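Here's start16.cif, which has mmCIF, C-alpha atoms; chains and numbers go by the auth columns:
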```
data_run
loop_
_atom_site.group_PDB
_atom_site.id
_atom_site.type_symbol
_atom_site.label_atom_id
_atom_site.label_comp_id
_atom_site.label_asym_id
_atom_site.label_seq_id
_atom_site.Cartn_x
_atom_site.Cartn_y
_atom_site.Cartn_z
_atom_site.B_iso_or_equiv
_atom_site.auth_seq_id
_atom_site.auth_asym_id
ATOM 1 C CA MET A 1 106.434 61.012 120.745 0.00 1 A
ATOM 2 C CA SER A 2 105.544 63.345 117.881 0.00 2 A
ATOM 3 C CA SER A 3 106.493 62.389 114.356 0.00 3 A
ATOM 4 C CA ARG A 4 108.482 65.595 113.944 0.00 4 A
ATOM 5 C CA ARG A 5 110.577 64.857 117.026 0.00 5 A
ATOM 6 C CA SER A 6 111.070 61.313 115.778 0.00 6 A
ATOM 7 C CA GLN A 7 112.164 62.621 112.369 0.00 7 A
ATOM 8 C CA MET A 8 114.585 65.018 114.029 0.00 8 A
ATOM 9 C CA ARG A 9 116.187 62.223 116.015 0.00 9 A
ATOM 10 C CA GLN A 10 116.439 59.994 112.961 0.00 10 A
ATOM 11 C CA ALA A 11 118.085 62.813 111.030 0.00 11 A
ATOM 12 C CA GLY A 12 120.630 63.284 113.815 0.00 12 A
ATOM 13 C CA VAL A 13 119.326 66.720 114.766 0.00 13 A
ATOM 14 C CA SER A 14 119.874 67.470 118.422 0.00 14 A
ATOM 15 C CA ARG A 15 117.773 69.843 120.463 0.00 15 A
ATOM 16 C CA ILE A 16 119.281 73.031 121.732 0.00 16 A
ATOM 17 C CA THR A 17 119.261 73.423 125.478 0.00 17 A
ATOM 18 C CA GLU A 18 117.955 76.427 127.372 0.00 18 A
ATOM 19 C CA ASP A 19 121.502 77.161 128.567 0.00 19 A
ATOM 20 C CA GLN A 20 122.699 77.214 124.964 0.00 20 A
ATOM 21 C CA ILE A 21 119.912 79.624 124.031 0.00 21 A
ATOM 22 C CA VAL A 22 120.808 81.901 126.936 0.00 22 A
ATOM 23 C CA ASP A 23 124.468 81.792 125.875 0.00 23 A
ATOM 24 C CA LEU A 24 123.652 82.593 122.244 0.00 24 A
ATOM 25 C CA VAL A 25 121.350 85.470 123.206 0.00 25 A
ATOM 26 C CA SER A 26 124.096 86.827 125.441 0.00 26 A
ATOM 27 C CA LYS A 27 126.578 86.655 122.554 0.00 27 A
ATOM 28 C CA LEU A 28 124.141 88.465 120.265 0.00 28 A
ATOM 29 C CA GLN A 29 123.661 91.099 122.943 0.00 29 A
ATOM 30 C CA GLN A 30 127.395 91.818 122.857 0.00 30 A
ATOM 31 C CA LEU A 31 127.438 92.090 119.054 0.00 31 A
ATOM 32 C CA ILE A 32 124.569 94.530 118.595 0.00 32 A
ATOM 33 C CA PRO A 33 125.609 98.151 119.241 0.00 33 A
ATOM 34 C CA GLU A 34 122.090 99.298 120.183 0.00 34 A
ATOM 35 C CA ILE A 35 122.041 96.826 123.063 0.00 35 A
ATOM 36 C CA ARG A 36 125.733 96.746 123.950 0.00 36 A
ATOM 37 C CA ASN A 37 125.787 100.509 124.558 0.00 37 A
ATOM 38 C CA ARG A 38 122.868 100.500 126.994 0.00 38 A
ATOM 39 C CA ARG A 39 123.565 101.038 130.635 0.00 39 A
ATOM 40 C CA SER A 40 121.229 98.279 131.792 0.00 40 A
ATOM 41 C CA ASP A 41 122.299 94.650 131.483 0.00 41 A
ATOM 42 C CA LYS A 42 118.705 93.425 131.700 0.00 42 A
ATOM 43 C CA VAL A 43 117.336 93.001 128.183 0.00 43 A
ATOM 44 C CA SER A 44 114.817 90.343 127.243 0.00 44 A
ATOM 45 C CA ALA A 45 115.718 87.658 124.729 0.00 45 A
ATOM 46 C CA SER A 46 112.852 88.894 122.591 0.00 46 A
ATOM 47 C CA LYS A 47 114.319 92.410 122.517 0.00 47 A
ATOM 48 C CA VAL A 48 117.774 91.046 121.682 0.00 48 A
ATOM 49 C CA LEU A 49 116.354 89.068 118.759 0.00 49 A
ATOM 50 C CA GLN A 50 114.333 92.048 117.513 0.00 50 A
ATOM 51 C CA GLU A 51 117.338 94.372 117.701 0.00 51 A
ATOM 52 C CA THR A 52 119.453 91.737 115.938 0.00 52 A
ATOM 53 C CA CYS A 53 116.949 91.594 113.079 0.00 53 A
ATOM 54 C CA ASN A 54 116.906 95.391 112.850 0.00 54 A
ATOM 55 C CA TYR A 55 120.697 95.538 112.880 0.00 55 A
ATOM 56 C CA ILE A 56 120.989 92.956 110.092 0.00 56 A
ATOM 57 C CA LYS A 57 118.383 94.811 108.005 0.00 57 A
ATOM 58 C CA ASN A 58 120.357 98.025 108.461 0.00 58 A
ATOM 59 C CA LEU A 59 123.583 96.306 107.449 0.00 59 A
ATOM 60 C CA HIS A 60 121.897 95.022 104.292 0.00 60 A
ATOM 61 C CA ARG A 61 120.728 98.561 103.478 0.00 61 A
ATOM 62 C CA GLU A 62 124.235 99.918 104.020 0.00 62 A
ATOM 63 C CA VAL A 63 125.745 97.260 101.761 0.00 63 A
ATOM 64 C CA ASP A 64 123.180 98.007 99.059 0.00 64 A
ATOM 65 C CA ASP A 65 123.840 101.739 99.360 0.00 65 A
ATOM 66 C CA LEU A 66 127.605 101.277 99.183 0.00 66 A
ATOM 67 C CA SER A 67 127.231 98.940 96.198 0.00 67 A
ATOM 68 C CA ASP A 68 125.129 101.550 94.395 0.00 68 A
ATOM 69 C CA ARG A 69 127.631 104.277 95.185 0.00 69 A
ATOM 70 C CA LEU A 70 130.495 102.107 93.980 0.00 70 A
ATOM 71 C CA SER A 71 128.646 101.335 90.735 0.00 71 A
ATOM 72 C CA GLN A 72 128.090 105.036 90.171 0.00 72 A
ATOM 73 C CA LEU A 73 131.750 105.725 90.849 0.00 73 A
ATOM 74 C CA LEU A 74 132.873 103.027 88.421 0.00 74 A
ATOM 75 C CA GLU A 75 130.547 104.393 85.734 0.00 75 A
ATOM 76 C CA SER A 76 131.924 107.902 86.164 0.00 76 A
ATOM 77 C CA ILE A 77 135.614 107.117 85.763 0.00 77 A
ATOM 78 C CA ASP A 78 137.622 105.923 82.790 0.00 78 A
ATOM 79 C CA SER A 79 138.090 102.151 83.078 0.00 79 A
ATOM 80 C CA ASP A 80 141.786 102.468 82.134 0.00 80 A
ATOM 81 C CA SER A 81 142.568 105.210 84.644 0.00 81 A
ATOM 82 C CA ALA A 82 144.620 104.932 87.800 0.00 82 A
ATOM 83 C CA GLN A 83 141.468 105.611 89.807 0.00 83 A
ATOM 84 C CA ALA A 84 139.729 102.608 88.239 0.00 84 A
ATOM 85 C CA ALA A 85 142.741 100.431 89.047 0.00 85 A
ATOM 86 C CA ILE A 86 142.587 101.531 92.687 0.00 86 A
ATOM 87 C CA VAL A 87 138.860 100.800 92.905 0.00 87 A
ATOM 88 C CA ARG A 88 139.374 97.368 91.313 0.00 88 A
ATOM 89 C CA SER A 89 142.190 96.583 93.754 0.00 89 A
ATOM 90 C CA LEU A 90 139.929 97.465 96.679 0.00 90 A
ATOM 91 C CA LEU A 91 137.306 95.059 95.419 0.00 91 A
ATOM 92 C CA MET A 92 139.696 92.125 95.409 0.00 92 A
#
```

As structure tokens, what does this structure read like?
Amino acid sequence: MSSRRSQMRQAGVSRITEDQIVDLVSKLQQLIPEIRNRRSDKVSASKVLQETCNYIKNLHREVDDLSDRLSQLLESIDSDSAQAAIVRSLLM
């Protein structure tokens, strides 16, 4: 038995089964719009993982863009205005 496998067992780490992997890939497939909207149900696990990575990267970019836009908005309005109060309430 390899030392890594032995260390994993000692640490209480269990191995994931192939059925669990298939189930998780299927769940990811349902969450990713690029894959979910395809007509074909046959998509490789590799493609699902790649599309998941792309989707997460895009979400990060969108969050960064929205954060930048919000910062610009906050800088352009008076901090004591009603608009600033609305923006602050949305952030909470």

Fill in: Separation of CA of Gln20 in chain A from CA of Thr52 in chain A in Å
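Value for the CA of Thr52 in chain A-CA of Gln20 in chain A distance: 17.4 Å.
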
Discussion item. Given all atoms listed in the file as the basis, pick out the residue of A:Lys57, A:Arg69, A:Lys47, A:Arg15 nearest to Gln29 in chain A.
Written reply: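 Selected residue with least distance to Gln29 in chain A: A:Lys47.
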
Worksheet item: Applied to this file, what does the PyMOL selection byres ((chain A and resi 44) around 12) return in terms of residues, put as a list in words?
Response: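 Checked against the file, the PyMOL selection byres ((chain A and resi 44) around 12) matches Val22, Val25, Ser26, Leu28, Gln29, Ile35, Ser40, Asp41, Lys42, Val43, Ala45, Ser46, Lys47, Val48, Leu49, Gln50 and Glu51 of chain A.
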
Worksheet item: Nearest to Ser67 in chain A: which of A:Ile21, A:Leu91, A:Val13, A:Ile32 is it, counting only C-alpha atoms?
Response: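 Checking each of A:Ile21, A:Leu91, A:Val13, A:Ile32 against Ser67 in chain A, counting only C-alpha atoms, the winner is A:Leu91.
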
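Taking CA of Gln72 in chain A and CA of Arg88 in chain A as the two end points, the separation is 13.7 Å.
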
Box along x, y and z, 4 Å on every side, all listed atoms of range 77-92 of chain A inside: centre and edge lengths in Å to one decimal, as lines of an AutoDock Vina configuration file.
```
center_x = 140.1
center_y = 99.6
center_z = 89.4
size_x = 17.0
size_y = 23.0
size_z = 22.5
```

Discussion item. Can you measure CA of Ala85 in chain A to CA of Leu73 in chain A for me? One decimal in Å is fine.
Written reply: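 For CA of Ala85 in chain A relative to CA of Leu73 in chain A, the distance reads 12.3 Å.
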